[in-house]
>>> print(open('data-v2.json').read())   # JSON, C-alpha atoms
[["chain", "number", "residue", "atom", "x", "y", "z"],
["A", 251, "MET", "CA", -25.28, -30.02, 17.01],
["A", 252, "TRP", "CA", -25.05, -33.04, 14.69],
["A", 253, "LYS", "CA", -26.71, -31.06, 11.91],
["A", 254, "ARG", "CA", -24.14, -28.26, 12.24],
["A", 255, "PHE", "CA", -21.33, -30.84, 12.21],
["A", 256, "ALA", "CA", -22.75, -32.48, 9.08],
["A", 257, "LEU", "CA", -23.06, -29.16, 7.27],
["A", 258, "ALA", "CA", -19.50, -28.22, 8.23],
["A", 259, "ALA", "CA", -18.23, -31.57, 6.98],
["A", 260, "VAL", "CA", -20.01, -31.11, 3.65],
["A", 261, "ALA", "CA", -18.58, -27.61, 3.28],
["A", 262, "ALA", "CA", -15.06, -28.84, 4.07],
["A", 263, "PHE", "CA", -15.37, -31.67, 1.56],
["A", 264, "ALA", "CA", -16.59, -29.28, -1.14],
["A", 265, "LEU", "CA", -13.64, -26.98, -0.46],
["A", 266, "LEU", "CA", -11.12, -29.80, -0.62],
["A", 267, "SER", "CA", -12.62, -31.48, -3.67],
["A", 268, "GLY", "CA", -13.31, -28.30, -5.66],
["A", 269, "PRO", "CA", -11.00, -26.82, -8.29],
["A", 270, "ALA", "CA", -7.67, -25.59, -6.94],
["A", 271, "ARG", "CA", -7.33, -21.82, -6.72],
["A", 272, "ALA", "CA", -4.11, -20.05, -7.60],
["A", 273, "ASP", "CA", -2.42, -18.30, -4.70],
["A", 274, "MET", "CA", -2.91, -14.55, -4.58],
["A", 275, "PRO", "CA", 0.20, -13.06, -6.23],
["A", 276, "GLN", "CA", 2.36, -11.08, -3.82],
["A", 277, "THR", "CA", 4.66, -9.60, -6.49],
["A", 278, "ASP", "CA", 3.99, -7.93, -9.81],
["A", 279, "VAL", "CA", 6.05, -10.63, -11.53],
["A", 280, "ASP", "CA", 3.78, -13.33, -10.08],
["A", 281, "LEU", "CA", 0.72, -11.35, -11.20],
["A", 282, "VAL", "CA", 1.97, -11.18, -14.78],
["A", 283, "LYS", "CA", 2.85, -14.88, -14.80],
["A", 284, "GLN", "CA", -0.63, -15.78, -13.59],
["A", 285, "MET", "CA", -2.06, -13.70, -16.45],
["A", 286, "THR", "CA", 0.00, -15.52, -19.09],
["A", 287, "GLY", "CA", -1.89, -15.68, -22.37],
["A", 288, "GLN", "CA", -3.86, -12.49, -21.80],
["A", 289, "PRO", "CA", -3.29, -9.42, -24.01],
["A", 290, "ALA", "CA", -0.39, -7.17, -23.04],
["A", 291, "ASP", "CA", -2.64, -4.12, -22.66],
["A", 292, "LYS", "CA", -4.80, -6.00, -20.16],
["A", 293, "ILE", "CA", -1.72, -7.05, -18.19],
["A", 294, "VAL", "CA", -0.53, -3.43, -18.11],
["A", 295, "GLU", "CA", -3.99, -2.34, -16.92],
["A", 296, "ALA", "CA", -3.88, -4.94, -14.14],
["A", 297, "LEU", "CA", -0.40, -3.77, -13.12],
["A", 298, "ASP", "CA", -1.59, -0.18, -12.92],
["A", 299, "ILE", "CA", -4.39, -1.18, -10.53],
["A", 300, "TYR", "CA", -2.05, -3.50, -8.61],
["A", 301, "TYR", "CA", 0.41, -0.69, -7.91],
["A", 302, "ARG", "CA", -2.41, 1.66, -6.92],
["A", 303, "LEU", "CA", -3.75, -1.00, -4.57],
["A", 304, "HIS", "CA", -0.37, -1.14, -2.82],
["A", 305, "VAL", "CA", -0.56, 2.62, -2.30],
["A", 306, "SER", "CA", -4.14, 2.31, -1.10],
["A", 307, "GLU", "CA", -3.14, -0.26, 1.51],
["A", 308, "LEU", "CA", -0.62, 2.21, 2.94],
["A", 309, "MET", "CA", -3.14, 5.06, 2.84],
["A", 310, "VAL", "CA", -5.61, 2.99, 4.85],
["A", 311, "GLN", "CA", -2.82, 2.27, 7.34],
["A", 312, "ASN", "CA", -1.91, 5.95, 7.47],
["A", 313, "ILE", "CA", -5.45, 7.14, 8.19],
["A", 314, "ALA", "CA", -5.66, 4.57, 10.99],
["A", 315, "GLU", "CA", -2.48, 6.12, 12.40],
["A", 316, "ASP", "CA", -4.06, 9.57, 12.07],
["A", 317, "ASN", "CA", -6.93, 8.25, 14.17],
["A", 318, "VAL", "CA", -4.52, 7.02, 16.86],
["A", 319, "ALA", "CA", -2.64, 10.34, 16.86],
["A", 320, "ASN", "CA", -5.90, 12.24, 17.23],
["A", 321, "PHE", "CA", -6.98, 9.98, 20.08],
["A", 322, "PHE", "CA", -3.78, 10.66, 22.05],
["A", 323, "ALA", "CA", -3.87, 14.39, 21.28],
["A", 324, "THR", "CA", -7.45, 14.60, 22.52],
["A", 325, "ARG", "CA", -6.59, 12.67, 25.66],
["A", 326, "ARG", "CA", -3.60, 14.90, 26.39],
["A", 327, "ALA", "CA", -5.76, 17.98, 25.87],
["A", 328, "ASN", "CA", -8.38, 16.71, 28.30],
["A", 329, "GLU", "CA", -5.76, 15.79, 30.88],
["A", 330, "ALA", "CA", -4.20, 19.25, 30.57],
["A", 331, "SER", "CA", -7.62, 20.88, 30.93],
["A", 332, "VAL", "CA", -7.10, 23.05, 27.85],
["A", 333, "ASP", "CA", -9.91, 25.34, 26.73],
["A", 334, "ALA", "CA", -13.08, 23.79, 25.38],
["A", 335, "GLY", "CA", -12.53, 25.30, 21.93],
["A", 336, "ALA", "CA", -9.28, 23.42, 21.42],
["A", 337, "ILE", "CA", -10.85, 20.14, 22.52],
["A", 338, "ALA", "CA", -13.83, 20.73, 20.25],
["A", 339, "LYS", "CA", -11.42, 21.28, 17.34],
["A", 340, "LEU", "CA", -9.66, 17.98, 18.06],
["A", 341, "GLU", "CA", -13.00, 16.18, 18.27],
["A", 342, "ALA", "CA", -14.06, 17.68, 14.93],
["A", 343, "GLU", "CA", -10.76, 16.52, 13.41],
["A", 344, "GLY", "CA", -11.50, 13.05, 14.77],
["A", 345, "LYS", "CA", -14.84, 12.98, 12.97],
["A", 346, "SER", "CA", -13.19, 14.17, 9.76],
["A", 347, "ILE", "CA", -10.57, 11.42, 10.07],
["A", 348, "SER", "CA", -13.28, 8.79, 10.59],
["A", 349, "ALA", "CA", -15.11, 9.95, 7.45],
["A", 350, "LYS", "CA", -11.89, 9.93, 5.42],
["A", 351, "ARG", "CA", -11.03, 6.49, 6.76],
["A", 352, "LYS", "CA", -14.39, 5.18, 5.59],
["A", 353, "ALA", "CA", -13.85, 6.66, 2.12],
["A", 354, "LEU", "CA", -10.31, 5.27, 1.81],
["A", 355, "THR", "CA", -11.47, 1.82, 2.93],
["A", 356, "GLU", "CA", -14.21, 1.89, 0.30],
["A", 357, "GLU", "CA", -11.72, 2.99, -2.36],
["A", 358, "ASN", "CA", -9.43, 0.14, -1.32],
["A", 359, "ARG", "CA", -12.29, -2.32, -1.66],
["A", 360, "ASN", "CA", -13.21, -0.97, -5.11],
["A", 361, "LEU", "CA", -9.62, -1.27, -6.34],
["A", 362, "ARG", "CA", -9.51, -4.86, -5.12],
["A", 363, "VAL", "CA", -12.72, -5.71, -6.98],
["A", 364, "LYS", "CA", -11.52, -3.94, -10.14],
["A", 365, "LEU", "CA", -8.22, -5.82, -10.05],
["A", 366, "GLU", "CA", -10.08, -9.11, -9.72],
["A", 367, "GLU", "CA", -12.23, -8.20, -12.73],
["A", 368, "VAL", "CA", -9.26, -7.29, -14.92],
["A", 369, "SER", "CA", -6.86, -10.05, -13.86],
["A", 370, "GLY", "CA", -9.30, -12.88, -13.15],
["A", 371, "ILE", "CA", -7.51, -13.43, -9.82],
["A", 372, "GLU", "CA", -9.05, -13.04, -6.38],
["A", 373, "PHE", "CA", -7.40, -10.51, -4.07],
["A", 374, "LEU", "CA", -8.97, -11.28, -0.71],
["A", 375, "ASP", "CA", -6.10, -10.32, 1.59],
["A", 376, "ALA", "CA", -4.01, -7.21, 2.07],
["A", 377, "LEU", "CA", -0.93, -6.89, -0.13],
["A", 378, "ILE", "CA", 2.24, -7.27, 1.92],
["A", 379, "MET", "CA", 5.28, -7.18, -0.33],
["A", 380, "THR", "CA", 5.68, -3.67, -1.73],
["A", 381, "PRO", "CA", 7.32, -3.79, -5.19],
["A", 382, "ASP", "CA", 11.06, -3.14, -5.22],
["A", 383, "ALA", "CA", 12.48, 0.05, -6.64],
["A", 384, "PRO", "CA", 14.63, -0.44, -9.77],
["A", 385, "MET", "CA", 18.29, -0.80, -8.85],
["A", 386, "ALA", "CA", 19.49, 1.29, -11.79],
["A", 387, "LYS", "CA", 17.88, 3.49, -14.40],
["A", 388, "PRO", "CA", 16.76, 1.27, -17.29],
["A", 389, "ALA", "CA", 17.71, 1.97, -20.89],
["A", 390, "ALA", "CA", 15.88, 4.92, -22.34],
["A", 391, "ALA", "CA", 12.74, 4.39, -24.41],
["A", 392, "SER", "CA", 11.53, 6.63, -27.21],
["A", 393, "GLY", "CA", 8.77, 9.18, -27.65],
["A", 394, "ASP", "CA", 6.18, 9.74, -24.94],
["A", 395, "LEU", "CA", 7.28, 6.64, -23.02],
["A", 396, "ALA", "CA", 10.78, 8.13, -22.73],
["A", 397, "ALA", "CA", 9.30, 11.28, -21.18],
["A", 398, "GLN", "CA", 7.19, 9.18, -18.80],
["A", 399, "GLN", "CA", 10.26, 7.16, -17.86],
["A", 400, "GLU", "CA", 12.29, 10.31, -17.10],
["A", 401, "ARG", "CA", 9.53, 11.80, -14.93],
["A", 402, "ALA", "CA", 9.04, 8.54, -13.08],
["A", 403, "TRP", "CA", 12.75, 8.17, -12.34],
["A", 404, "LYS", "CA", 13.10, 11.72, -11.02],
["A", 405, "ALA", "CA", 10.06, 11.20, -8.78],
["A", 406, "LEU", "CA", 11.58, 7.95, -7.52],
["A", 407, "GLU", "CA", 14.89, 9.60, -6.61],
["A", 408, "ALA", "CA", 13.05, 12.35, -4.71],
["A", 409, "ALA", "CA", 10.85, 9.83, -2.88],
["A", 410, "GLN", "CA", 13.85, 7.71, -1.92],
["A", 411, "THR", "CA", 15.62, 10.76, -0.50],
["A", 412, "ARG", "CA", 12.55, 11.71, 1.51],
["A", 413, "TRP", "CA", 12.18, 8.13, 2.78],
["A", 414, "ARG", "CA", 15.81, 8.00, 3.95],
["A", 415, "GLU", "CA", 15.46, 11.34, 5.74],
["A", 416, "GLN", "CA", 12.25, 10.29, 7.44],
["A", 417, "ARG", "CA", 13.76, 6.94, 8.40],
["A", 418, "MET", "CA", 16.60, 8.76, 10.15],
["A", 419, "ALA", "CA", 14.11, 11.05, 11.90],
["A", 420, "LEU", "CA", 12.18, 8.00, 13.10],
["A", 421, "LEU", "CA", 15.32, 6.34, 14.49],
["A", 422, "GLU", "CA", 16.26, 9.53, 16.32],
["A", 423, "ALA", "CA", 12.71, 9.89, 17.68],
["A", 424, "GLN", "CA", 12.71, 6.29, 18.89],
["A", 425, "GLN", "CA", 16.02, 6.86, 20.72],
["A", 426, "ARG", "CA", 14.71, 10.06, 22.26],
["A", 427, "TYR", "CA", 11.51, 8.30, 23.31],
["A", 428, "ASP", "CA", 13.54, 5.55, 24.98],
["A", 429, "ASP", "CA", 15.65, 8.16, 26.80],
["A", 430, "THR", "CA", 13.16, 10.85, 27.78],
["A", 431, "ARG", "CA", 9.61, 9.91, 26.69],
["A", 432, "ASP", "CA", 9.16, 13.56, 25.62],
["A", 433, "VAL", "CA", 8.38, 12.87, 21.96],
["A", 434, "HIS", "CA", 5.03, 11.98, 20.41],
["A", 435, "LEU", "CA", 6.24, 8.88, 18.60],
["A", 436, "GLU", "CA", 2.89, 8.24, 16.91],
["A", 437, "LEU", "CA", 3.30, 11.47, 14.92],
["A", 438, "VAL", "CA", 6.74, 10.47, 13.67],
["A", 439, "LEU", "CA", 5.47, 7.01, 12.72],
["A", 440, "ASN", "CA", 2.67, 8.70, 10.81],
["A", 441, "ASP", "CA", 5.19, 10.80, 8.87],
["A", 442, "MET", "CA", 7.14, 7.62, 8.10],
["A", 443, "THR", "CA", 4.06, 6.02, 6.59],
["A", 444, "ARG", "CA", 3.50, 9.11, 4.44],
["A", 445, "ALA", "CA", 7.04, 8.78, 3.14],
["A", 446, "GLU", "CA", 6.35, 5.11, 2.40],
["A", 447, "ILE", "CA", 3.21, 6.10, 0.48],
["A", 448, "ALA", "CA", 5.17, 8.55, -1.68],
["A", 449, "LEU", "CA", 7.83, 5.90, -2.30],
["A", 450, "ALA", "CA", 5.26, 3.25, -3.21],
["A", 451, "GLU", "CA", 3.66, 5.65, -5.68],
["A", 452, "ALA", "CA", 7.03, 6.41, -7.27],
["A", 453, "VAL", "CA", 8.09, 2.76, -7.44],
["A", 454, "GLY", "CA", 4.77, 1.78, -9.00],
["A", 455, "ALA", "CA", 5.07, 4.52, -11.62],
["A", 456, "CYS", "CA", 8.61, 3.39, -12.52],
["A", 457, "ARG", "CA", 7.69, -0.26, -12.82],
["A", 458, "LEU", "CA", 4.51, 0.53, -14.77],
["A", 459, "VAL", "CA", 6.32, 2.56, -17.40],
["A", 460, "GLU", "CA", 8.85, -0.26, -17.85],
["A", 461, "ALA", "CA", 5.94, -2.67, -18.35],
["A", 462, "LYS", "CA", 4.50, -0.32, -20.97],
["A", 463, "ILE", "CA", 7.86, -0.13, -22.75],
["A", 464, "ALA", "CA", 8.16, -3.93, -22.70],
["A", 465, "ALA", "CA", 4.66, -4.28, -24.13],
["A", 466, "SER", "CA", 5.39, -1.74, -26.89],
["A", 467, "GLN", "CA", 8.55, -3.63, -27.84],
["A", 468, "GLY", "CA", 6.98, -7.09, -27.67],
["A", 469, "LYS", "CA", 9.21, -8.16, -24.76],
["A", 470, "PRO", "CA", 8.01, -10.49, -21.96],
["A", 471, "ILE", "CA", 6.71, -8.15, -19.28],
["A", 472, "SER", "CA", 7.46, -10.56, -16.45],
["A", 473, "ASP", "CA", 11.11, -10.84, -17.50],
["A", 474, "VAL", "CA", 11.51, -7.06, -17.69],
["A", 475, "LEU", "CA", 9.94, -6.53, -14.26],
["A", 476, "ALA", "CA", 12.00, -9.33, -12.72],
["A", 477, "ALA", "CA", 15.21, -7.69, -13.97],
["A", 478, "LEU", "CA", 14.50, -4.28, -12.39]]
>>> encode(input="data-v2.json", output="structure tokens")
Amino acid sequence: MWKRFALAAVAAFALLSGPARADMPQTDVDLVKQMTGQPADKIVEALDIYYRLHVSELMVQNIAEDNVANFFATRRANEASVDAGAIAKLEAEGKSISAKRKALTEENRNLRVKLEEVSGIEFLDALIMTPDAPMAKPAAASGDLAAQQERAWKALEAAQTRWREQRMALLEAQQRYDDTRDVHLELVLNDMTRAEIALAEAVGACRLVEAKIAASQGKPISDVLAAL
């Protein structure tokens, strides 16, 4: 016991006396600030991975929700004594979901490692704060970046509309569940996460193209992103 205590004390001392680590950035602006001094193209590359990692986090959440939905569907089927073929189909879907969940988790891990390699910052925990959508359409760029900006903005508007519609559907489903319990709420929650994934993809694309425009014009990327 004493030996374990001594080893723990040494480890704690090494942690406290070692070089201070920067906190994991929870916003794209913080990420850019922590990469101050690095080339603009490398910062843009890190931002691209950072936004994709946000989407990946939601996709991992969504496949976990798929697993829950499948579990309840299978249980309801067994309780209702439906035919064996239908139950076998649900069980096969469950295995497919498990395989997809494993692949998405591995992809998430690879994105995290890649982001660490590019940015020089450790990303050990899940990202929490999804980047904000731009409040208004930024000034137009020129050339290919202008076309990218236009596509990204249209995709954002469509994703925001879908998110609002799904949010309303979720609120209505929650009220119905409270009143009657005759709605499969896990399915509606799953659809809500899918809408959040589409929105996160659109927001990331918008913010990334603005970072590219800033880099092409020699503007501070962190200032441009902070103003969106």
>>> closest_residue(input="data-v2.json", among="A:Ala314, A:Val453, A:Ile463, A:Ala423", to="Thr355 in chain A", atoms="only C-alpha atoms")
A:Ala314
>>> closest_atom_pairs(input="data-v2.json", of="range 304-390 of chain A", to="range 271-289 of chain A", cutoff="12 Å", atoms="only C-alpha atoms", output="Markdown table")
| residue | atom | partner | partner_atom | distance |
| --- | --- | --- | --- | --- |
| A:His304 | CA | A:Gln276 | CA | 10.4 |
| A:Arg362 | CA | A:Met274 | CA | 11.7 |
| A:Leu365 | CA | A:Leu281 | CA | 10.6 |
| A:Glu366 | CA | A:Met274 | CA | 10.4 |
| A:Val368 | CA | A:Met285 | CA | 9.8 |
| A:Ser369 | CA | A:Met285 | CA | 6.6 |
| A:Gly370 | CA | A:Met285 | CA | 8.0 |
| A:Ile371 | CA | A:Met274 | CA | 7.1 |
| A:Glu372 | CA | A:Met274 | CA | 6.6 |
| A:Phe373 | CA | A:Met274 | CA | 6.1 |
| A:Leu374 | CA | A:Met274 | CA | 7.9 |
| A:Asp375 | CA | A:Met274 | CA | 8.1 |
| A:Ala376 | CA | A:Gln276 | CA | 9.5 |
| A:Leu377 | CA | A:Gln276 | CA | 6.5 |
| A:Ile378 | CA | A:Gln276 | CA | 6.9 |
| A:Met379 | CA | A:Gln276 | CA | 6.0 |
| A:Thr380 | CA | A:Thr277 | CA | 7.7 |
| A:Pro381 | CA | A:Thr277 | CA | 6.5 |
| A:Asp382 | CA | A:Thr277 | CA | 9.2 |
>>> closest_residue(input="data-v2.json", among="A:Leu435, A:Leu458, A:Ala419, A:Leu340", to="Ala327 in chain A", atoms="all atoms listed in the file")
A:Leu340
>>> residues_around(input="data-v2.json", residues="Arg351 in chain A", least_positions_apart="3", cutoff="12 Å", atoms="all atoms listed in the file", output="NGL selection string")
:A and (306-317 or 344-348 or 354-358)
>>> write_last_selection(input="data-v2.json", atoms="C-alpha atoms", output="PDB file, in the coordinates of the input")
ATOM      1  CA  SER A 306      -4.140   2.310  -1.100  1.00  0.00           C
ATOM      2  CA  GLU A 307      -3.140  -0.260   1.510  1.00  0.00           C
ATOM      3  CA  LEU A 308      -0.620   2.210   2.940  1.00  0.00           C
ATOM      4  CA  MET A 309      -3.140   5.060   2.840  1.00  0.00           C
ATOM      5  CA  VAL A 310      -5.610   2.990   4.850  1.00  0.00           C
ATOM      6  CA  GLN A 311      -2.820   2.270   7.340  1.00  0.00           C
ATOM      7  CA  ASN A 312      -1.910   5.950   7.470  1.00  0.00           C
ATOM      8  CA  ILE A 313      -5.450   7.140   8.190  1.00  0.00           C
ATOM      9  CA  ALA A 314      -5.660   4.570  10.990  1.00  0.00           C
ATOM     10  CA  GLU A 315      -2.480   6.120  12.400  1.00  0.00           C
ATOM     11  CA  ASP A 316      -4.060   9.570  12.070  1.00  0.00           C
ATOM     12  CA  ASN A 317      -6.930   8.250  14.170  1.00  0.00           C
ATOM     13  CA  GLY A 344     -11.500  13.050  14.770  1.00  0.00           C
ATOM     14  CA  LYS A 345     -14.840  12.980  12.970  1.00  0.00           C
ATOM     15  CA  SER A 346     -13.190  14.170   9.760  1.00  0.00           C
ATOM     16  CA  ILE A 347     -10.570  11.420  10.070  1.00  0.00           C
ATOM     17  CA  SER A 348     -13.280   8.790  10.590  1.00  0.00           C
ATOM     18  CA  LEU A 354     -10.310   5.270   1.810  1.00  0.00           C
ATOM     19  CA  THR A 355     -11.470   1.820   2.930  1.00  0.00           C
ATOM     20  CA  GLU A 356     -14.210   1.890   0.300  1.00  0.00           C
ATOM     21  CA  GLU A 357     -11.720   2.990  -2.360  1.00  0.00           C
ATOM     22  CA  ASN A 358      -9.430   0.140  -1.320  1.00  0.00           C
TER      23      ASN A 358
END
>>> residues_around(input="data-v2.json", residues="range 429-434 of chain A", least_positions_apart="4", cutoff="12 Å", atoms="all atoms listed in the file", output="list in words")
Val318, Ala319, Asn320, Phe322, Ala323, Arg326, Ala419, Leu420, Glu422, Ala423, Gln424, Gln425, Val438, Leu439, Asn440 and Asp441 of chain A
>>> atom_distance(input="data-v2.json", atom1="CA of Ala450 in chain A", atom2="CA of Val305 in chain A")
5.9 Å
>>> closest_residue(input="data-v2.json", among="A:Ala445, A:Ala290, A:Cys456, A:Glu295", to="Glu367 in chain A", atoms="all atoms listed in the file")
A:Glu295
>>> residues_near_point(input="data-v2.json", point="(12.9, 1.1, -14.8)", cutoff="8 Å", atoms="all atoms listed in the file", output="ChimeraX atom specification")
/A:384,386-389,399,403,456-457,459-460,478
>>> closest_residue(input="data-v2.json", among="A:Leu303, A:Glu400, A:Asp333, A:Thr411", to="Asn360 in chain A", atoms="all atoms listed in the file")
A:Leu303
>>> atom_distance(input="data-v2.json", atom1="CA of Leu297 in chain A", atom2="CA of Arg417 in chain A")
27.9 Å
>>> atom_distance(input="data-v2.json", atom1="CA of Ala336 in chain A", atom2="CA of Asp428 in chain A")
29.2 Å
>>> decode(input="data-v2.json", residues="range 365-381 of chain A", atoms="N, CA, C and O atoms", output="mmCIF file, in the first residue's frame")
data_model
loop_
_atom_site.group_PDB
_atom_site.id
_atom_site.type_symbol
_atom_site.label_atom_id
_atom_site.label_comp_id
_atom_site.auth_asym_id
_atom_site.auth_seq_id
_atom_site.Cartn_x
_atom_site.Cartn_y
_atom_site.Cartn_z
ATOM 1 N N LEU A 365 -6.298 16.373 -35.845
ATOM 2 C CA LEU A 365 -6.372 17.760 -35.392
ATOM 3 C C LEU A 365 -5.230 18.082 -34.439
ATOM 4 O O LEU A 365 -4.651 19.176 -34.487
ATOM 5 N N GLU A 366 -4.891 17.143 -33.582
ATOM 6 C CA GLU A 366 -3.752 17.340 -32.683
ATOM 7 C C GLU A 366 -2.458 17.500 -33.475
ATOM 8 O O GLU A 366 -1.607 18.343 -33.153
ATOM 9 N N GLU A 367 -2.298 16.696 -34.526
ATOM 10 C CA GLU A 367 -1.084 16.759 -35.339
ATOM 11 C C GLU A 367 -0.958 18.097 -36.050
ATOM 12 O O GLU A 367 0.125 18.676 -36.128
ATOM 13 N N VAL A 368 -2.066 18.595 -36.576
ATOM 14 C CA VAL A 368 -2.030 19.840 -37.346
ATOM 15 C C VAL A 368 -1.905 21.064 -36.445
ATOM 16 O O VAL A 368 -1.153 21.996 -36.729
ATOM 17 N N SER A 369 -2.666 21.058 -35.337
ATOM 18 C CA SER A 369 -2.722 22.242 -34.476
ATOM 19 C C SER A 369 -1.656 22.256 -33.390
ATOM 20 O O SER A 369 -1.314 23.325 -32.868
ATOM 21 N N GLY A 370 -1.152 21.078 -33.025
ATOM 22 C CA GLY A 370 -0.224 21.006 -31.897
ATOM 23 C C GLY A 370 -0.925 21.094 -30.557
ATOM 24 O O GLY A 370 -0.276 21.304 -29.529
ATOM 25 N N ILE A 371 -2.248 20.912 -30.548
ATOM 26 C CA ILE A 371 -3.048 21.011 -29.326
ATOM 27 C C ILE A 371 -3.727 19.666 -29.076
ATOM 28 O O ILE A 371 -4.234 19.041 -30.007
ATOM 29 N N GLU A 372 -3.743 19.225 -27.836
ATOM 30 C CA GLU A 372 -4.400 17.971 -27.505
ATOM 31 C C GLU A 372 -5.915 18.151 -27.425
ATOM 32 O O GLU A 372 -6.404 19.100 -26.818
ATOM 33 N N PHE A 373 -6.636 17.228 -28.032
ATOM 34 C CA PHE A 373 -8.096 17.221 -27.973
ATOM 35 C C PHE A 373 -8.526 15.901 -27.356
ATOM 36 O O PHE A 373 -8.827 14.935 -28.053
ATOM 37 N N LEU A 374 -8.518 15.875 -26.024
ATOM 38 C CA LEU A 374 -8.780 14.639 -25.296
ATOM 39 C C LEU A 374 -10.253 14.438 -24.980
ATOM 40 O O LEU A 374 -10.701 13.308 -24.775
ATOM 41 N N ASP A 375 -11.012 15.515 -24.920
ATOM 42 C CA ASP A 375 -12.420 15.434 -24.520
ATOM 43 C C ASP A 375 -13.333 15.760 -25.698
ATOM 44 O O ASP A 375 -12.906 16.335 -26.704
ATOM 45 N N ALA A 376 -14.587 15.403 -25.548
ATOM 46 C CA ALA A 376 -15.571 15.712 -26.583
ATOM 47 C C ALA A 376 -15.769 17.219 -26.700
ATOM 48 O O ALA A 376 -15.708 17.944 -25.697
ATOM 49 N N LEU A 377 -15.991 17.696 -27.917
ATOM 50 C CA LEU A 377 -16.275 19.106 -28.134
ATOM 51 C C LEU A 377 -17.723 19.380 -27.734
ATOM 52 O O LEU A 377 -18.627 18.614 -28.074
ATOM 53 N N ILE A 378 -17.931 20.458 -27.016
ATOM 54 C CA ILE A 378 -19.256 20.756 -26.471
ATOM 55 C C ILE A 378 -19.924 21.916 -27.195
ATOM 56 O O ILE A 378 -21.076 21.836 -27.603
ATOM 57 N N MET A 379 -19.193 23.004 -27.366
ATOM 58 C CA MET A 379 -19.787 24.233 -27.882
ATOM 59 C C MET A 379 -19.764 24.238 -29.410
ATOM 60 O O MET A 379 -18.739 24.522 -30.025
ATOM 61 N N THR A 380 -20.894 23.912 -30.024
ATOM 62 C CA THR A 380 -20.982 23.935 -31.482
ATOM 63 C C THR A 380 -20.830 25.366 -31.981
ATOM 64 O O THR A 380 -21.425 26.285 -31.421
ATOM 65 N N PRO A 381 -20.014 25.598 -33.016
ATOM 66 C CA PRO A 381 -19.823 26.966 -33.519
ATOM 67 C C PRO A 381 -21.137 27.636 -33.890
ATOM 68 O O PRO A 381 -22.068 26.984 -34.377
#
